[in-house]
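First the structure, in the form of structure tokens, and then the observations on it.
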Amino acid sequence: MIAAAALRARFAADGFLVFPGFATSAKIAALRRRAAEIVDAFDPAVAGGIFTTRDETRSDDDYFLSSGYAIRCFFEEGAFDEAGRLRVPKERAINKIGHALHDLDDVFAAFSRDLRVDVLVHELGMADPRLYQSMLIFKQPGIGGEVAWHQDATYFATEPESVLALWFALEDADRDNGCLWVQRGGHRGPLRQRFVVEGGRARHDVLDATPWPALAEAEPLEVTAGTLVAMHGVLPHYSAPNRSPVSRLAYTLHAVDGGARYSPRNWLQRPPEFPARGFVGPERSANNANSSQWS
Ligand code: FE2
């Protein structure tokens, strides 16, 4: 077991922490069942939503930009043939479901609002966590797309910088099926880009021309199902395409500090009547903040 001060020190040095065995197989099974129901109910005709971090014009559409307080499915880039037909069955063609599963779906809400994560996030220095985003990422066998080097803070500007990513492996993740690769300590480098939406148009602004890390600097995070990876928002990371026959299912949450100013130019804006909430809401007790399951 690790004391809070040691956790903070390791996080400050590396920019990420790995907790194997965080989620039970029963909890994972419940998420997978619910995800299958959501995909089953999804009509591909309503959405051309294709997610990519390489070409912002693809995500520059209302289906994506208005999904901050919705549950929507997004297709893999390679899901369609040249005639626009699905190459594989719908349930094998979805890239992800986003972005408010943690607020709008009871099963995902129960998984997301976990007091152990609340404690961890506080131990890492976030005084007033607000959960802005959730994503169920499929990384489908054979066609699961690459997610190029990026920093999650690109998508969640706050002043001061505060975003924290929580990445839950719902299946074993390894080099073959597209595990995360990180640059250990890279969060101490600059934030390179900012994803900005103005007037309904999205763009990437370059903040710093520092190149992305060389492959030799990238470290694979090969983890077993149930592992939680916590990442600093400025940590460079990527995941390779999944050309293997097995999927690499993961669930992610992004929290920012409610005490920081959330940029009105971030793509994800919550309607005033549905503000981003914390792990347990305003009634959160001081006991939760102070007790540590890691120490
Ligand atoms: Fe990311």
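Ordering of the structure tokens sets the chain letters (A, B, ...); residue numbers start at 1 within each chain; ligands are numbered from 1 in the order shown.
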List as JSON lines every residue of chain A that is in contact with ligand 1, defined as an atom at most 8 Å from one of its atoms (using only C-alpha atoms and all ligand atoms), together with the nearest atom pair and the distance in Å rounded to one decimal, sorted by chain and then rising number.
```
{"residue": "A:Val147", "atom": "CA", "partner": "ligand 1", "partner_atom_place_in_ligand_line": "1 (Fe)", "distance": 7.9}
{"residue": "A:His150", "atom": "CA", "partner": "ligand 1", "partner_atom_place_in_ligand_line": "1 (Fe)", "distance": 6.4}
{"residue": "A:Gln151", "atom": "CA", "partner": "ligand 1", "partner_atom_place_in_ligand_line": "1 (Fe)", "distance": 6.1}
{"residue": "A:Asp152", "atom": "CA", "partner": "ligand 1", "partner_atom_place_in_ligand_line": "1 (Fe)", "distance": 4.9}
{"residue": "A:Ala165", "atom": "CA", "partner": "ligand 1", "partner_atom_place_in_ligand_line": "1 (Fe)", "distance": 7.5}
{"residue": "A:His237", "atom": "CA", "partner": "ligand 1", "partner_atom_place_in_ligand_line": "1 (Fe)", "distance": 6.5}
{"residue": "A:Tyr238", "atom": "CA", "partner": "ligand 1", "partner_atom_place_in_ligand_line": "1 (Fe)", "distance": 6.9}
```
Item to check | Within 10 Å of Arg32 of chain A using only C-alpha atoms, minus same-chain residues under 3 positions, as an MDAnalysis selection string | outcome: chainID A and resid 26:29 35:38 107:108 136 170 249
Fewer than 2 positions away in the same chain doesn't count, so skip those; otherwise give me all residues within 6 Å of segment 116-120 of chain A, counting only C-alpha atoms, as a PDB file with N, CA, C and O atoms, in the first residue's frame.
```pdb
ATOM      1  N   ASP A 114     -17.201   6.558  -7.916  1.00  0.00           N
ATOM      2  CA  ASP A 114     -16.564   5.588  -7.024  1.00  0.00           C
ATOM      3  C   ASP A 114     -15.738   6.375  -6.007  1.00  0.00           C
ATOM      4  O   ASP A 114     -14.847   7.136  -6.374  1.00  0.00           O
ATOM      5  N   HIS A 122      -8.407  13.525  -5.029  1.00  0.00           N
ATOM      6  CA  HIS A 122      -8.054  14.508  -3.998  1.00  0.00           C
ATOM      7  C   HIS A 122      -6.603  14.356  -3.566  1.00  0.00           C
ATOM      8  O   HIS A 122      -5.900  15.343  -3.372  1.00  0.00           O
ATOM      9  N   GLU A 123      -6.170  13.110  -3.443  1.00  0.00           N
ATOM     10  CA  GLU A 123      -4.776  12.892  -3.030  1.00  0.00           C
ATOM     11  C   GLU A 123      -3.794  13.439  -4.069  1.00  0.00           C
ATOM     12  O   GLU A 123      -2.677  13.808  -3.732  1.00  0.00           O
ATOM     13  N   PHE A 279     -17.654  13.550  -7.717  1.00  0.00           N
ATOM     14  CA  PHE A 279     -17.883  12.113  -7.577  1.00  0.00           C
ATOM     15  C   PHE A 279     -19.096  11.816  -6.709  1.00  0.00           C
ATOM     16  O   PHE A 279     -19.790  10.836  -6.920  1.00  0.00           O
ATOM     17  N   ALA A 289     -12.746  12.975   1.994  1.00  0.00           N
ATOM     18  CA  ALA A 289     -11.579  13.704   1.500  1.00  0.00           C
ATOM     19  C   ALA A 289     -10.310  13.318   2.249  1.00  0.00           C
ATOM     20  O   ALA A 289      -9.230  13.360   1.694  1.00  0.00           O
TER      21      ALA A 289
END
```
Next on the checklist: Between atom CA of Val223 of chain A and atom CA of Val121 of chain A, what distance in Å does the model show, to one decimal?
Outcome noted: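 So the answer is 20.6 Å.
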Pick out the residues sitting within 9 Å of Cys179 of chain A, and hand them over as a PDB file with N, CA and C atoms, in the first residue's frame; count only C-alpha atoms, and ignore anything fewer than 4 positions along from it in its own chain.
```pdb
ATOM      1  N   ASP A 172      -7.783  -6.867 -21.093  1.00  0.00           N
ATOM      2  CA  ASP A 172      -6.327  -6.792 -21.096  1.00  0.00           C
ATOM      3  C   ASP A 172      -5.891  -5.922 -22.275  1.00  0.00           C
ATOM      4  N   ALA A 173      -4.906  -5.064 -22.025  1.00  0.00           N
ATOM      5  CA  ALA A 173      -4.386  -4.196 -23.086  1.00  0.00           C
ATOM      6  C   ALA A 173      -2.893  -4.454 -23.241  1.00  0.00           C
ATOM      7  N   ASP A 174      -2.476  -4.739 -24.457  1.00  0.00           N
ATOM      8  CA  ASP A 174      -1.049  -4.983 -24.700  1.00  0.00           C
ATOM      9  C   ASP A 174      -0.647  -4.358 -26.038  1.00  0.00           C
ATOM     10  N   ARG A 175       0.599  -4.573 -26.421  1.00  0.00           N
ATOM     11  CA  ARG A 175       1.078  -3.936 -27.653  1.00  0.00           C
ATOM     12  C   ARG A 175       0.313  -4.392 -28.878  1.00  0.00           C
ATOM     13  N   PRO A 220       5.199   1.418 -23.264  1.00  0.00           N
ATOM     14  CA  PRO A 220       3.872   0.793 -23.335  1.00  0.00           C
ATOM     15  C   PRO A 220       3.333   0.486 -21.945  1.00  0.00           C
ATOM     16  N   LEU A 221       2.061   0.773 -21.740  1.00  0.00           N
ATOM     17  CA  LEU A 221       1.414   0.399 -20.483  1.00  0.00           C
ATOM     18  C   LEU A 221       0.567  -0.846 -20.755  1.00  0.00           C
ATOM     19  N   GLU A 222       1.219  -1.988 -20.638  1.00  0.00           N
ATOM     20  CA  GLU A 222       0.507  -3.255 -20.835  1.00  0.00           C
ATOM     21  C   GLU A 222      -0.136  -3.623 -19.497  1.00  0.00           C
ATOM     22  N   VAL A 223      -1.450  -3.658 -19.482  1.00  0.00           N
ATOM     23  CA  VAL A 223      -2.173  -3.824 -18.222  1.00  0.00           C
ATOM     24  C   VAL A 223      -3.251  -4.884 -18.376  1.00  0.00           C
ATOM     25  N   TYR A 238      -0.232   8.054 -26.538  1.00  0.00           N
ATOM     26  CA  TYR A 238      -0.902   7.652 -27.770  1.00  0.00           C
ATOM     27  C   TYR A 238      -1.273   6.182 -27.660  1.00  0.00           C
ATOM     28  N   SER A 239      -2.074   5.721 -28.606  1.00  0.00           N
ATOM     29  CA  SER A 239      -2.269   4.270 -28.717  1.00  0.00           C
ATOM     30  C   SER A 239      -2.246   3.899 -30.187  1.00  0.00           C
ATOM     31  N   ALA A 240      -1.633   2.758 -30.452  1.00  0.00           N
ATOM     32  CA  ALA A 240      -1.446   2.299 -31.827  1.00  0.00           C
ATOM     33  C   ALA A 240      -2.742   1.686 -32.349  1.00  0.00           C
ATOM     34  N   ASN A 242      -5.318  -1.118 -33.623  1.00  0.00           N
ATOM     35  CA  ASN A 242      -5.501  -2.508 -33.192  1.00  0.00           C
ATOM     36  C   ASN A 242      -5.666  -3.372 -34.432  1.00  0.00           C
ATOM     37  N   ARG A 248      -9.899  -4.020 -27.445  1.00  0.00           N
ATOM     38  CA  ARG A 248      -9.192  -3.447 -26.297  1.00  0.00           C
ATOM     39  C   ARG A 248     -10.105  -2.398 -25.681  1.00  0.00           C
TER      40      ARG A 248
END
```
Checklist entry - Of the residues A:Ala157, A:Leu131, A:Ala4, A:Ala70, which is the one nearest to Pro271 of chain A, using only C-alpha atoms? => result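 The answer is A:Ala70, which sits nearest to Pro271 of chain A.
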